[in-house]
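S.K.: Sharing entry-v6.cif, mmCIF, C-alpha atoms:
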data_input
#
loop_
_atom_site.label_atom_id
_atom_site.label_comp_id
_atom_site.auth_asym_id
_atom_site.auth_seq_id
_atom_site.Cartn_x
_atom_site.Cartn_y
_atom_site.Cartn_z
CA MET R 1 167.58 24.11 -4.12
CA ARG R 2 166.37 27.54 -5.02
CA LYS R 3 163.10 25.94 -6.12
CA LEU R 4 162.31 24.75 -2.57
CA PRO R 5 160.32 27.85 -1.56
CA TYR R 6 158.00 27.20 -4.52
CA ILE R 7 157.59 23.47 -3.89
CA LEU R 8 157.06 23.76 -0.14
CA PRO R 9 153.48 25.10 -0.27
CA PHE R 10 152.48 22.26 -2.61
CA LEU R 11 154.01 19.68 -0.30
CA LEU R 12 152.18 21.24 2.62
CA MET R 13 148.88 21.16 0.71
CA LEU R 14 149.39 17.48 -0.12
CA LEU R 15 150.07 16.71 3.54
CA LEU R 16 146.97 18.60 4.70
CA ALA R 17 144.80 16.91 2.07
CA GLY R 18 145.79 13.57 3.56
CA CYS R 19 144.66 14.54 7.03
CA ASP R 20 141.76 16.90 6.42
CA LYS R 21 139.39 14.86 8.59
CA PRO R 22 140.32 13.99 12.17
CA GLU R 23 139.69 10.40 13.22
CA SER R 24 136.59 9.92 15.36
CA ASP R 25 137.19 9.31 19.06
CA LEU R 26 134.57 6.57 19.03
CA PRO R 27 136.22 3.18 19.50
CA VAL R 28 135.39 0.25 17.25
CA ASN R 29 133.32 -2.29 19.13
CA THR R 30 134.79 -5.60 18.02
CA ARG R 31 132.42 -7.74 20.09
CA LEU R 32 129.19 -6.65 18.41
CA GLY R 33 128.00 -6.78 14.83
CA GLY R 34 129.61 -8.73 12.02
CA GLU R 35 128.43 -10.37 8.85
CA PHE R 36 124.76 -11.06 8.30
CA THR R 37 122.19 -11.50 5.58
CA LEU R 38 118.50 -10.69 5.99
CA THR R 39 115.63 -9.61 3.70
CA ASP R 40 114.83 -5.96 3.16
CA HIS R 41 111.41 -4.29 2.94
CA ASN R 42 111.40 -4.87 -0.82
CA GLY R 43 111.89 -8.58 -0.36
CA GLU R 44 115.51 -8.42 -1.55
CA PRO R 45 118.51 -9.96 0.22
CA PHE R 46 120.35 -7.42 2.34
CA SER R 47 123.71 -7.98 3.99
CA ASP R 48 126.06 -6.03 6.22
CA SER R 49 128.13 -5.18 3.13
CA ASP R 50 125.15 -3.15 1.84
CA LEU R 51 125.73 -0.85 4.81
CA LYS R 52 129.35 -0.17 3.91
CA GLY R 53 130.21 3.22 2.49
CA GLN R 54 127.78 5.08 4.70
CA VAL R 55 127.15 5.68 8.39
CA SER R 56 124.09 3.83 9.73
CA ILE R 57 121.82 4.05 12.72
CA LEU R 58 120.54 0.54 13.36
CA PHE R 59 117.99 -0.65 15.88
CA PHE R 60 115.76 -3.62 16.60
CA GLY R 61 112.05 -3.63 17.40
CA TYR R 62 108.62 -4.69 16.16
CA THR R 63 105.80 -2.70 14.66
CA HIS R 64 103.09 -3.98 17.03
CA CYS R 65 105.04 -2.44 19.91
CA PRO R 66 102.92 0.51 21.06
CA ASP R 67 105.27 2.38 23.36
CA ILE R 68 109.06 2.09 23.05
CA CYS R 69 109.45 1.32 19.33
CA PRO R 70 107.42 4.23 17.90
CA ALA R 71 109.17 6.47 20.44
CA VAL R 72 112.61 5.32 19.24
CA LEU R 73 111.56 5.67 15.59
CA ALA R 74 110.32 9.20 16.27
CA ARG R 75 113.61 10.09 18.00
CA VAL R 76 115.65 8.67 15.12
CA ALA R 77 113.59 10.84 12.77
CA GLN R 78 114.47 13.82 15.00
CA VAL R 79 118.18 12.97 14.65
CA TYR R 80 117.71 13.14 10.89
CA ARG R 81 116.02 16.50 11.10
CA THR R 82 119.02 17.77 13.09
CA LEU R 83 121.45 16.28 10.55
CA ASP R 84 119.38 17.67 7.72
CA GLU R 85 119.86 21.18 9.06
CA ALA R 86 123.62 20.58 8.78
CA GLY R 87 123.19 19.12 5.28
CA LEU R 88 124.37 15.69 6.45
CA ALA R 89 121.21 13.60 6.55
CA GLY R 90 121.81 12.16 3.09
CA GLN R 91 124.99 10.46 4.27
CA VAL R 92 123.34 8.47 7.06
CA GLN R 93 121.14 5.41 6.68
CA PRO R 94 118.51 4.38 9.27
CA VAL R 95 117.94 0.62 9.54
CA PHE R 96 115.14 -1.09 11.46
CA VAL R 97 115.47 -4.82 12.16
CA THR R 98 112.31 -6.57 13.30
CA PHE R 99 112.34 -9.50 15.67
CA ASP R 100 108.71 -10.26 14.81
CA PRO R 101 108.94 -11.73 11.28
CA GLN R 102 105.55 -13.42 11.70
CA ARG R 103 103.75 -10.06 11.53
CA ASP R 104 106.49 -7.77 10.21
CA THR R 105 106.65 -9.04 6.67
CA ALA R 106 108.57 -7.12 4.02
CA ALA R 107 105.25 -5.74 2.73
CA HIS R 108 104.21 -4.53 6.18
CA LEU R 109 107.59 -2.88 6.82
CA ARG R 110 107.29 -1.20 3.41
CA GLU R 111 104.03 0.40 4.55
CA TYR R 112 105.02 1.17 8.13
CA LEU R 113 108.54 2.60 8.05
CA PRO R 114 108.41 5.41 5.44
CA TRP R 115 105.98 7.27 7.69
CA PHE R 116 108.92 7.91 10.02
CA LYS R 117 111.55 8.48 7.32
CA ALA R 118 111.13 7.91 3.62
CA ASP R 119 114.32 5.94 2.99
CA MET R 120 114.39 3.89 6.17
CA ILE R 121 115.46 0.31 5.50
CA GLY R 122 113.40 -2.41 7.15
CA LEU R 123 114.94 -5.84 7.62
CA THR R 124 113.15 -9.09 8.30
CA GLY R 125 113.92 -12.76 7.68
CA SER R 126 113.36 -16.18 9.15
CA LEU R 127 113.25 -16.35 12.93
CA ASP R 128 116.56 -18.23 12.92
CA GLU R 129 118.23 -15.59 10.76
CA ILE R 130 116.94 -12.81 12.99
CA ARG R 131 118.00 -14.66 16.15
CA GLN R 132 121.49 -14.96 14.71
CA VAL R 133 121.76 -11.25 13.91
CA ALA R 134 120.24 -10.30 17.27
CA GLU R 135 122.84 -12.43 19.01
CA GLN R 136 125.63 -10.72 17.05
CA PHE R 137 124.38 -7.37 18.30
CA GLY R 138 123.71 -8.57 21.84
CA VAL R 139 119.97 -8.04 21.43
CA VAL R 140 117.61 -10.04 23.64
CA PHE R 141 113.99 -10.62 22.64
CA ILE R 142 111.50 -12.99 24.21
CA LYS R 143 108.06 -13.52 22.73
CA GLY R 144 105.27 -13.19 25.28
CA GLU R 145 102.21 -15.35 25.62
CA GLU R 146 99.64 -14.98 22.90
CA THR R 147 96.27 -13.67 24.04
CA LYS R 148 93.10 -14.00 22.03
CA GLY R 149 89.78 -12.23 21.63
CA ASP R 150 88.82 -8.68 22.52
CA GLU R 151 91.04 -8.70 25.57
CA GLY R 152 94.05 -9.67 23.57
CA ALA R 153 96.95 -7.72 22.18
CA GLY R 154 98.11 -10.71 20.15
CA TYR R 155 101.51 -11.02 21.70
CA LEU R 156 104.17 -8.67 22.93
CA PHE R 157 107.90 -8.99 23.37
CA THR R 158 110.23 -8.48 26.27
CA HIS R 159 113.26 -6.98 24.61
CA SER R 160 116.39 -4.90 24.86
CA ASP R 161 116.21 -1.56 23.12
CA TYR R 162 119.67 -0.23 22.30
CA ILE R 163 120.41 1.83 19.23
CA TYR R 164 123.63 1.17 17.31
CA LEU R 165 125.79 3.65 15.45
CA LEU R 166 127.71 1.94 12.63
CA ASP R 167 130.56 3.50 10.68
CA ASP R 168 131.09 3.29 6.92
CA GLN R 169 132.66 -0.15 7.35
CA ALA R 170 129.49 -1.37 9.10
CA ARG R 171 131.38 -1.61 12.39
CA VAL R 172 129.63 -0.77 15.66
CA ARG R 173 131.05 2.44 17.08
CA LYS R 174 128.58 3.33 19.84
CA LEU R 175 125.42 2.14 21.62
CA TYR R 176 122.68 4.38 22.97
CA PRO R 177 119.71 3.75 25.27
CA ALA R 178 116.19 4.13 23.84
CA ASP R 179 115.85 7.62 25.33
CA PHE R 180 119.10 8.76 23.73
CA ASN R 181 120.09 12.39 23.49
CA ILE R 182 119.35 13.56 19.96
CA ASP R 183 122.18 16.11 19.81
CA GLU R 184 124.69 13.54 21.11
CA VAL R 185 123.82 11.06 18.36
CA ALA R 186 123.88 13.79 15.69
CA SER R 187 127.30 14.93 16.93
CA ASP R 188 128.66 11.35 16.97
CA VAL R 189 127.34 10.77 13.45
CA GLU R 190 129.07 13.93 12.31
CA SER R 191 132.37 12.72 13.79
CA LEU R 192 132.19 9.63 11.57
CA LEU R 193 131.48 11.45 8.32
CA MET G 1 58.32 1.80 62.60
CA TRP G 2 58.27 3.34 59.15
CA LYS G 3 60.24 6.33 60.47
CA VAL G 4 62.92 4.06 61.94
CA PHE G 5 63.06 2.00 58.74
CA SER G 6 63.21 5.14 56.73
CA ARG G 7 66.10 6.52 58.79
CA VAL G 8 68.06 3.28 58.70
CA THR G 9 67.51 2.96 54.97
CA GLY G 10 68.57 6.57 54.50
CA VAL G 11 71.75 6.07 56.52
CA GLY G 12 72.45 2.80 54.71
CA LEU G 13 71.92 4.49 51.38
CA ALA G 14 74.21 7.32 52.42
CA MET G 15 76.84 4.79 53.53
CA LEU G 16 76.48 2.92 50.28
CA LEU G 17 76.87 6.11 48.31
CA ALA G 18 79.84 7.12 50.43
CA GLY G 19 81.37 3.70 49.83
CA ASN G 20 80.90 4.10 46.10
CA ALA G 21 81.98 7.71 46.01
CA GLN G 22 84.46 8.19 43.18
CA ALA G 23 87.56 10.19 43.82
CA ASP G 24 87.79 13.52 42.10
CA LEU G 25 90.15 12.89 39.18
CA VAL G 26 91.66 15.56 36.97
CA LEU G 27 93.40 14.70 33.71
CA SER G 28 96.15 16.87 32.24
CA ASP G 29 98.94 16.74 29.64
CA ALA G 30 97.04 14.11 27.66
CA TRP G 31 98.47 12.98 24.34
CA LEU G 32 98.57 10.02 21.98
CA ARG G 33 101.72 8.99 20.13
CA ALA G 34 101.13 9.48 16.40
CA VAL G 35 101.82 6.28 14.47
CA PRO G 36 101.67 5.16 10.83
CA PRO G 37 98.19 4.53 9.38
CA VAL G 38 98.90 0.76 9.25
CA SER G 39 99.76 0.63 12.94
CA PRO G 40 97.61 -1.80 14.90
CA THR G 41 98.13 -0.11 18.28
CA MET G 42 98.70 3.29 19.86
CA ALA G 43 99.96 4.42 23.23
CA GLY G 44 98.32 7.16 25.30
CA TYR G 45 99.89 9.30 28.00
CA VAL G 46 98.31 11.51 30.63
CA THR G 47 98.80 12.82 34.15
CA VAL G 48 96.00 11.80 36.48
CA THR G 49 95.61 13.78 39.69
CA ASN G 50 93.40 12.67 42.54
CA ASN G 51 91.90 15.81 44.08
CA GLY G 52 89.55 13.78 46.25
CA GLU G 53 89.85 12.66 49.85
CA THR G 54 89.80 8.95 49.13
CA PRO G 55 92.16 6.78 47.08
CA ALA G 56 91.28 6.59 43.41
CA ILE G 57 91.39 3.27 41.64
CA ILE G 58 91.76 3.45 37.88
CA THR G 59 90.45 0.25 36.40
CA GLY G 60 90.60 0.89 32.67
CA ALA G 61 89.86 3.32 29.89
CA HIS G 62 87.79 3.56 26.74
CA THR G 63 87.60 5.54 23.54
CA GLU G 64 85.48 5.21 20.44
CA ILE G 65 88.49 4.69 18.16
CA ALA G 66 89.70 1.53 19.94
CA GLY G 67 87.95 -1.76 20.56
CA HIS G 68 89.92 -2.19 23.72
CA VAL G 69 92.18 -0.10 25.96
CA MET G 70 94.52 -1.66 28.49
CA LEU G 71 96.57 -0.23 31.32
CA HIS G 72 100.16 -1.27 30.72
CA ASP G 73 103.41 -0.83 32.51
CA MET G 74 106.84 -1.04 30.92
CA ALA G 75 109.14 -2.54 33.51
CA THR G 76 112.93 -2.82 33.18
CA GLN G 77 114.08 -6.33 34.04
CA LYS G 78 117.28 -7.23 35.92
CA ASP G 79 118.98 -8.04 32.60
CA GLY G 80 118.09 -4.61 31.21
CA THR G 81 115.35 -5.82 28.90
CA ARG G 82 111.98 -4.08 28.94
CA LYS G 83 108.85 -6.05 29.64
CA MET G 84 105.31 -4.89 29.14
CA ARG G 85 102.79 -6.07 31.71
CA HIS G 86 99.08 -5.62 31.98
CA LEU G 87 97.81 -3.77 35.06
CA SER G 88 94.29 -4.49 36.30
CA ARG G 89 94.29 -1.30 38.40
CA VAL G 90 96.31 1.78 39.22
CA GLU G 91 95.80 3.32 42.65
CA ILE G 92 96.31 7.05 43.28
CA PRO G 93 96.35 8.22 46.90
CA PRO G 94 94.42 11.40 47.77
CA GLY G 95 96.20 14.54 46.67
CA GLU G 96 98.68 12.68 44.49
CA SER G 97 99.25 12.23 40.76
CA VAL G 98 100.27 9.36 38.54
CA SER G 99 101.94 10.06 35.22
CA PHE G 100 101.19 7.77 32.34
CA ALA G 101 104.39 8.36 30.36
CA PRO G 102 106.59 6.78 27.66
CA ALA G 103 108.55 3.76 28.90
CA GLY G 104 106.36 3.61 32.01
CA ILE G 105 102.67 3.19 32.78
CA HIS G 106 100.66 3.95 29.65
CA LEU G 107 97.36 3.33 27.93
CA MET G 108 97.53 0.80 25.14
CA LEU G 109 94.85 1.23 22.51
CA MET G 110 94.09 -1.92 20.53
CA HIS G 111 91.73 -2.98 17.75
CA LEU G 112 91.77 0.53 16.31
CA SER G 113 88.80 1.39 14.11
CA ARG G 114 90.93 4.13 12.62
CA VAL G 115 94.34 5.65 13.25
CA PRO G 116 94.00 9.36 14.10
CA VAL G 117 96.49 11.67 12.45
CA GLU G 118 98.96 14.08 13.96
CA GLY G 119 97.25 17.29 15.10
CA GLU G 120 93.93 15.59 15.81
CA SER G 121 92.39 15.28 19.29
CA VAL G 122 90.76 12.10 20.53
CA SER G 123 88.53 11.80 23.57
CA ILE G 124 89.62 9.08 25.97
CA CYS G 125 87.88 8.29 29.25
CA ILE G 126 89.67 6.97 32.32
CA GLU G 127 87.45 4.58 34.27
CA GLN G 128 87.00 4.14 37.98
CA GLY G 129 85.00 0.96 37.87
CA PRO G 130 82.13 0.35 35.45
CA GLU G 131 80.02 3.32 36.53
CA SER G 132 82.39 6.24 36.60
CA ALA G 133 84.73 7.80 34.08
CA VAL G 134 86.46 11.09 33.50
CA CYS G 135 87.32 12.06 29.94
CA SER G 136 89.82 14.31 28.24
CA ASP G 137 90.95 15.18 24.73
CA PHE G 138 94.28 13.57 23.89
CA GLN G 139 96.38 15.46 21.34
CA VAL G 140 97.88 13.24 18.66
CA SER G 141 101.56 14.07 18.32
CA ARG G 142 104.82 12.40 17.27
CA THR G 143 106.53 13.60 20.45
CA SER G 144 105.17 14.91 23.70
CA PRO G 145 103.64 18.36 23.20
CA PHE G 146 104.19 18.97 26.90
CA ASP G 147 107.98 18.52 27.09
CA ALA G 148 109.78 21.70 27.98
#
What is this file in structure tokens?
M.R.:
Amino acid sequence: MRKLPYILPFLLMLLLAGCDKPESDLPVNTRLGGEFTLTDHNGEPFSDSDLKGQVSILFFGYTHCPDICPAVLARVAQVYRTLDEAGLAGQVQPVFVTFDPQRDTAAHLREYLPWFKADMIGLTGSLDEIRQVAEQFGVVFIKGEETKGDEGAGYLFTHSDYIYLLDDQARVRKLYPADFNIDEVASDVESLL
Amino acid sequence: MWKVFSRVTGVGLAMLLAGNAQADLVLSDAWLRAVPPVSPTMAGYVTVTNNGETPAIITGAHTEIAGHVMLHDMATQKDGTRKMRHLSRVEIPPGESVSFAPAGIHLMLMHLSRVPVEGESVSICIEQGPESAVCSDFQVSRTSPFDA
């Protein structure tokens, strides 16, 4: 019994070690996300389980999109710069899923995405595979009419443009609009690390 | 007779010229979103102010780095999706401005002969019909250089 004063600090340390990180306030979104398999920018299979063990920022788009998609990519890169200043960028993975597999091949994504962030993962696949994943994330995309000749832009998409924050179990924890607040996302990411 | 003809012709010519008079447009805060070198398109943003006394009708734009430039608008649909649509004209009332901005009206540059790099400036001309254009240097930047 006399040993108690010596043991107590150790017990306290053990207790504190078990709860050194407060749980994030962000709820798990059980209606979005789930299992999927696509093809990454290196042409290798990539599934949701490859996202486990790290926090991810995932979004859908297409590289021929001139306005929204480069803007979102640039903002995601800004989030990483903010996280980098806190020494946290290495623990977060950006993932871009195209809904234009016809033009966004693995090779094209490999050339396009590193310009925004060197280790950004690009995912493509068959149209059916992408439709399935898009549906799981509640993403809507509708291919526009194809135009030809000098007047043409090829084709464009009508699409939703949310950004998804995934935890280290690849579960959706929060959605953001395309013009998201950079500090808010960085702070939410930090709460999941 | 010649004097009368001459006067009528002169008035007619003046009326014609007045009818064709182009509004006095001023371009400001012009920039192009920097994109990867393999990008097939770019978006341009600018504030266009009509300092004239008549409405200005923007009908298009051109630049030597793009085979074609279109006026586009990004409209939010009822279901929340964003849809790009081509505009054949943008009207600016006298004394007012229109902002070509991200997620709104913008210039879409297509068939790029080259992709300018961040820090460069590119001349782009805003057209009021086939005969008139006002040009400005657009700064190439990843984010707006004009945001506070």
S.K.: Would you work out the distance separating atom CA of Leu83 of chain R from atom CA of Lys52 of chain R, expressed in Å to one decimal?
M.R.: 19.4 Å
S.K.: In Å, how far is it from atom CA of Leu25 of chain G to atom CA of Val134 of chain G?
M.R.: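 Rounded to one decimal, the two atoms are 7.0 Å apart.
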S.K.: Using only C-alpha atoms, which of R:Val133, R:Val172, R:Ala107, R:Cys69 sits nearest Ser47 of chain R?
M.R.: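 Closest to Ser47 of chain R of all the choices is R:Val133.
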S.K.: Output the residue selection produced by the PyMOL selection byres ((chain R) within 12 of (chain G)) on the file above, formatted as a PyMOL selection string.
M.R.: chain R and resi 61-78+103-104+107-117+138-145+147-162+177-179
S.K.: Any chance you could work out the residue set of the PyMOL selection byres ((chain G and resi 53) around 6) here, as a PyMOL selection string?
M.R.: chain G and resi 52+54+94
S.K.: List the spatial neighbours of Asn29 of chain R as a list in words - criterion: any atom at most 8 Å away, all atoms listed in the file, same-chain residues fewer than 4 positions off excluded.
M.R.: Arg171, Val172, Arg173 and Lys174 of chain R
S.K.: Evaluate the PyMOL selection byres ((chain G and resi 95) around 12) against this structure - the residues, as number ranges by chain, please.
M.R.: G: 23-26, 48-56, 91-94, 96-98
S.K.: Compare G:Ser28, G:Leu87, G:Ser123, G:Phe100 by their minimum atom-to-atom distance to Ala66 of chain G, counting only C-alpha atoms, and give me the closest one.
M.R.: G:Ser123
S.K.: As an exercise, work out the distance from atom CA of Glu35 of chain R to atom CA of Gln102 of chain R in Å and give it to one decimal place.
M.R.: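 Interatomic distance here is 23.3 Å.
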S.K.: Counting only C-alpha atoms, which of R:Gln93, R:Thr98, R:Gln136, R:Gln169 gets nearest to Ser49 of chain R?
M.R.: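 Smallest separation from Ser49 of chain R among the options: R:Gln169.
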